[in-house]
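For reference, target_38.cif is printed below; it contains mmCIF, C-alpha atoms.
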data_final
loop_
_atom_site.label_atom_id
_atom_site.label_comp_id
_atom_site.auth_asym_id
_atom_site.auth_seq_id
_atom_site.Cartn_x
_atom_site.Cartn_y
_atom_site.Cartn_z
CA MET V 198 -40.45 -21.41 -30.85
CA SER V 199 -40.15 -22.31 -27.19
CA ASP V 200 -39.88 -19.59 -24.56
CA LEU V 201 -36.28 -20.63 -23.83
CA LYS V 202 -35.26 -20.58 -27.52
CA ASN V 203 -37.02 -17.25 -28.03
CA GLY V 204 -35.37 -15.81 -24.91
CA MET V 205 -31.92 -16.95 -26.06
CA LEU V 206 -32.48 -15.56 -29.55
CA GLY V 207 -33.63 -12.27 -28.01
CA ALA V 208 -30.47 -12.14 -25.90
CA ALA V 209 -28.33 -12.71 -29.00
CA VAL V 210 -30.22 -10.05 -30.99
CA ARG V 211 -29.93 -7.50 -28.17
CA LYS V 212 -26.22 -8.28 -27.78
CA LEU V 213 -25.67 -7.69 -31.49
CA LEU V 214 -27.77 -4.52 -31.37
CA VAL V 215 -25.73 -3.13 -28.46
CA GLU V 216 -22.49 -3.94 -30.33
CA LYS V 217 -23.76 -2.26 -33.51
CA ILE V 218 -25.02 0.79 -31.62
CA ASN V 219 -21.67 1.12 -29.80
CA GLU V 220 -19.86 0.84 -33.14
CA ALA V 221 -22.12 3.45 -34.74
CA ASP V 222 -21.78 5.72 -31.71
CA GLY V 223 -17.98 5.56 -31.89
CA ILE V 224 -17.98 6.49 -35.57
CA ALA V 225 -20.67 9.17 -35.27
CA ARG V 226 -19.13 10.72 -32.15
CA GLY V 227 -15.78 10.94 -33.93
CA ASP V 228 -17.38 12.69 -36.91
CA THR V 229 -19.39 15.00 -34.65
CA LEU V 230 -16.31 15.78 -32.54
CA GLN V 231 -14.44 16.93 -35.65
CA LYS V 232 -17.35 19.22 -36.56
CA LEU V 233 -17.56 20.57 -32.99
CA LEU V 234 -13.81 21.21 -32.99
CA ALA V 235 -14.10 23.09 -36.29
CA VAL V 236 -16.85 25.31 -34.84
CA HIS V 237 -14.78 25.79 -31.67
CA GLU V 238 -11.67 26.74 -33.63
CA SER V 239 -13.51 29.14 -35.95
CA MET V 240 -15.95 30.72 -33.47
CA GLY V 241 -14.70 29.79 -30.00
CA VAL V 242 -17.94 27.92 -29.21
CA LYS V 243 -17.58 25.16 -26.60
CA THR V 244 -21.25 24.37 -25.90
CA LEU V 245 -24.09 23.82 -28.36
CA ASP V 246 -27.77 23.11 -27.77
CA VAL V 247 -29.14 19.77 -29.02
CA MET V 248 -32.50 20.25 -30.69
CA LEU V 249 -35.28 18.00 -31.97
CA PRO V 250 -36.55 18.64 -35.50
CA ASP V 251 -39.30 20.86 -33.99
CA ASP V 252 -36.57 22.99 -32.29
CA THR V 253 -37.28 21.62 -28.79
CA LYS V 254 -34.05 21.89 -26.81
CA VAL V 255 -33.35 18.46 -25.32
CA ALA V 256 -29.68 18.49 -24.38
CA ARG V 257 -26.42 20.36 -24.45
CA ALA V 258 -23.16 19.17 -26.08
CA THR V 259 -19.99 20.48 -24.47
CA LEU V 260 -16.29 20.27 -25.30
CA PRO V 261 -14.43 19.83 -22.02
CA GLN V 262 -11.26 21.80 -21.31
CA PRO V 263 -8.30 19.44 -21.77
CA LYS V 264 -6.35 19.04 -18.54
CA PRO V 265 -2.90 17.73 -17.79
CA GLY V 266 -2.68 14.28 -16.27
CA VAL V 267 -0.29 12.20 -14.20
CA VAL V 268 2.06 9.75 -15.92
CA VAL V 269 3.48 7.06 -13.62
CA ASP V 270 6.86 5.43 -14.12
CA ASP V 271 5.84 1.92 -13.01
CA GLN V 272 9.39 0.83 -12.14
CA ALA V 273 10.03 3.91 -9.99
CA PHE V 274 6.59 3.56 -8.38
CA LEU V 275 7.32 -0.07 -7.51
CA LYS V 276 10.64 0.93 -5.90
CA TRP V 277 8.92 3.67 -3.91
CA VAL V 278 6.16 1.34 -2.69
CA ALA V 279 8.78 -1.27 -1.73
CA ALA V 280 10.61 1.32 0.36
CA GLU V 281 7.61 3.14 1.84
CA HIS V 282 4.88 0.45 1.98
CA PRO V 283 6.57 -2.96 1.65
CA THR V 284 3.49 -4.87 2.85
CA GLU V 285 1.66 -3.72 -0.28
CA ILE V 286 4.01 -5.62 -2.60
CA VAL V 287 3.15 -9.09 -3.83
CA GLU V 288 4.49 -9.53 -7.33
CA ALA V 289 3.32 -6.04 -8.18
CA VAL V 290 1.47 -3.24 -6.45
CA ARG V 291 -2.09 -4.21 -5.60
CA GLU V 292 -4.39 -2.36 -8.00
CA SER V 293 -6.62 -1.06 -5.17
CA PHE V 294 -3.57 0.44 -3.44
CA ARG V 295 -2.33 1.95 -6.72
CA ARG V 296 -5.73 3.63 -7.26
CA ALA V 297 -5.74 4.91 -3.65
CA ILE V 298 -2.26 6.41 -4.03
CA LEU V 299 -3.01 7.90 -7.45
CA LYS V 300 -6.11 9.62 -6.02
CA ARG V 301 -3.80 11.42 -3.59
CA LEU V 302 -1.73 12.95 -6.38
CA GLU V 303 -2.15 16.45 -7.72
CA ILE V 304 -0.33 18.52 -10.28
CA VAL V 305 1.46 21.57 -8.92
CA GLY V 306 3.16 23.49 -11.70
CA ASP V 307 5.39 20.99 -13.49
CA GLU V 308 5.49 18.48 -10.64
CA VAL V 309 3.28 15.75 -9.23
CA VAL V 310 2.75 16.08 -5.49
CA ASP V 311 1.26 13.70 -2.93
CA LYS V 312 -1.49 15.76 -1.26
CA GLN V 313 -1.21 13.72 1.93
CA GLY V 314 2.46 14.37 2.62
CA GLY V 315 3.07 17.38 0.40
CA GLU V 316 6.19 15.84 -1.13
CA VAL V 317 7.04 15.76 -4.83
CA VAL V 318 6.54 12.25 -6.19
CA PRO V 319 9.67 11.08 -8.04
CA TRP V 320 7.93 8.21 -9.83
CA ALA V 321 5.29 10.30 -11.64
CA SER V 322 5.39 13.15 -14.13
CA VAL V 323 2.94 15.58 -15.66
CA ARG V 324 1.32 14.67 -18.97
CA PRO V 325 0.62 17.97 -20.72
CA ALA V 326 -2.98 18.75 -21.62
CA ALA V 327 -3.96 18.01 -25.20
CA GLU V 328 -4.14 21.00 -27.52
CA LYS V 329 -7.80 20.31 -28.19
CA PRO V 330 -10.52 18.14 -26.63
CA SER V 331 -10.62 14.48 -27.62
CA ASN V 332 -14.31 14.02 -26.74
CA PHE V 333 -17.49 15.85 -25.89
CA THR V 334 -20.31 15.36 -23.43
CA VAL V 335 -24.05 15.42 -23.97
CA THR V 336 -26.21 16.41 -21.01
CA PHE V 337 -29.99 16.25 -21.17
CA VAL V 338 -31.74 19.43 -20.04
CA GLY V 339 -35.14 19.60 -18.37
CA ASP V 340 -37.41 16.95 -19.87
CA GLY V 341 -35.03 16.42 -22.79
CA ARG V 342 -34.64 12.68 -22.26
CA GLN V 343 -38.41 12.18 -22.27
CA ALA V 344 -38.79 14.51 -25.30
CA VAL V 345 -36.30 12.45 -27.32
CA GLU V 346 -38.06 9.24 -26.30
CA GLN V 347 -41.45 10.68 -27.27
CA ALA V 348 -40.07 11.89 -30.62
CA TRP V 349 -38.84 8.35 -31.24
CA LEU V 350 -42.16 6.78 -30.22
CA ASP V 351 -44.27 9.13 -32.34
CA GLY V 352 -41.99 8.77 -35.38
CA THR V 353 -40.59 12.31 -35.42
CA ILE V 354 -37.10 10.82 -35.35
CA ASN V 355 -35.98 7.42 -36.63
CA LEU V 356 -33.45 5.81 -34.30
CA LEU V 357 -31.82 3.99 -37.21
CA ASP V 358 -30.88 7.36 -38.69
CA PHE V 359 -28.66 7.88 -35.67
CA THR V 360 -27.60 4.35 -34.70
CA ALA V 361 -27.04 2.32 -37.86
CA PRO V 362 -23.34 1.67 -38.47
CA PRO V 363 -22.10 2.05 -42.04
CA THR V 364 -22.64 -1.69 -42.65
CA LEU V 365 -26.37 -1.41 -41.93
CA PRO V 366 -28.58 0.86 -44.04
CA ALA V 367 -30.31 3.59 -42.03
CA GLY V 368 -34.10 3.66 -42.07
CA GLY V 369 -34.40 0.38 -43.96
CA GLU V 370 -33.05 1.90 -47.18
CA GLU V 371 -31.14 -0.20 -49.71
CA GLN V 372 -27.44 0.50 -50.08
#
Render the structure in this file as structure tokens.
Amino acid sequence: MSDLKNGMLGAAVRKLLVEKINEADGIARGDTLQKLLAVHESMGVKTLDVMLPDDTKVARATLPQPKPGVVVDDQAFLKWVAAEHPTEIVEAVRESFRRAILKRLEIVGDEVVDKQGGEVVPWASVRPAAEKPSNFTVTFVGDGRQAVEQAWLDGTINLLDFTAPPTLPAGGEEQ
């Protein structure tokens, strides 16, 4: 196979692998989140250590505290921008300007306030925080990243056990 053909095939294989890993991660993270939420609800635990099979601590998994967010009424926002910043209107509010304005907003009680002017923003409302977290974070500790990589390289862990989506058998096993 020519270098070009081999390179293109490699690109296709890596693209598929990334897609499959992302798919598997979405499924596995959802399953793991449900288990973390069950532990949180029964024991109040929000952070767990991530361990290799030899009990080496490599990371920490944490359930974040759900927080309220800002909900923007796009029609009201457009009217406000037209009145206060008419040069920022084309057919809609420029996305960069929208992001800049939204960064200035903060939640104060049940209202959304523009930090720059201190006024309540009539075109945004508070989205209540979720009752429970909808995700979790994993943070490597110390040399955890290198320890996981070494465990993979020396065969202590099989990446396919953790990355194969349901349509691919893990560890080369037959389904």
Gap from CA of Thr259 in chain V to CA of Glu220 in chain V - Å, one decimal |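 CA of Thr259 in chain V sits 21.5 Å away from CA of Glu220 in chain V.
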Could you write out as a list in words the residues that the PyMOL selection byres ((chain V and resi 222) around 12) matches in the shown file?
->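 On this input, the PyMOL selection byres ((chain V and resi 222) around 12) captures Leu214, Val215, Glu216, Lys217, Ile218, Asn219, Glu220, Ala221, Gly223, Ile224, Ala225, Arg226, Gly227, Asp228, Thr229, Leu230, Leu356, Leu357, Asp358, Phe359, Thr360, Ala361, Pro362 and Pro363 of chain V.
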Expand the PyMOL selection byres ((chain V and resi 329) around 8) into the individual residues it matches in the shown file, reporting them as a list in words.
-> Leu234, Gln262, Pro263, Ala327, Glu328, Pro330 and Ser331 of chain V
Between V:Gln272, V:Asn332, V:Asn355, V:Gln347, which has the minimum distance to Lys243 in chain V (counting all atoms listed in the file)?
-> V:Asn332
Near Val317 in chain V, within 10 Å and counting all atoms listed in the file, which residues show up once chain neighbours fewer than 5 positions away are dropped, as a PyMOL selection string?
-> chain V and resi 302-305+308-312+322
Near-Asp340 in chain V list (10 Å; all atoms listed in the file; drop same-chain fewer than 4 positions) as a list in words | Lys254, Val255, Ala256, Ala344 and Val345 of chain V
Filtering to C-alpha atoms, could you give me those residues as a PDB file, in the frame of the given file?
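Saved as out25.pdb:
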ATOM      1  CA  LYS V 254     -34.050  21.890 -26.810  1.00  0.00           C
ATOM      2  CA  VAL V 255     -33.350  18.460 -25.320  1.00  0.00           C
ATOM      3  CA  ALA V 256     -29.680  18.490 -24.380  1.00  0.00           C
ATOM      4  CA  ALA V 344     -38.790  14.510 -25.300  1.00  0.00           C
ATOM      5  CA  VAL V 345     -36.300  12.450 -27.320  1.00  0.00           C
TER       6      VAL V 345
END
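From CA of Trp277 in chain V back to CA of Arg295 in chain V, the distance works out to 11.7 Å.
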Could you tell me how far CA of Leu249 in chain V lies from CA of Thr336 in chain V, in Å and to one decimal?
->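 Result for CA of Leu249 in chain V versus CA of Thr336 in chain V: 14.3 Å, one decimal.
Using all atoms listed in the file, the smallest distance between any of V:Ile298, V:Val242, V:Leu213, V:Ala326 and Gly314 in chain V comes from V:Ile298.
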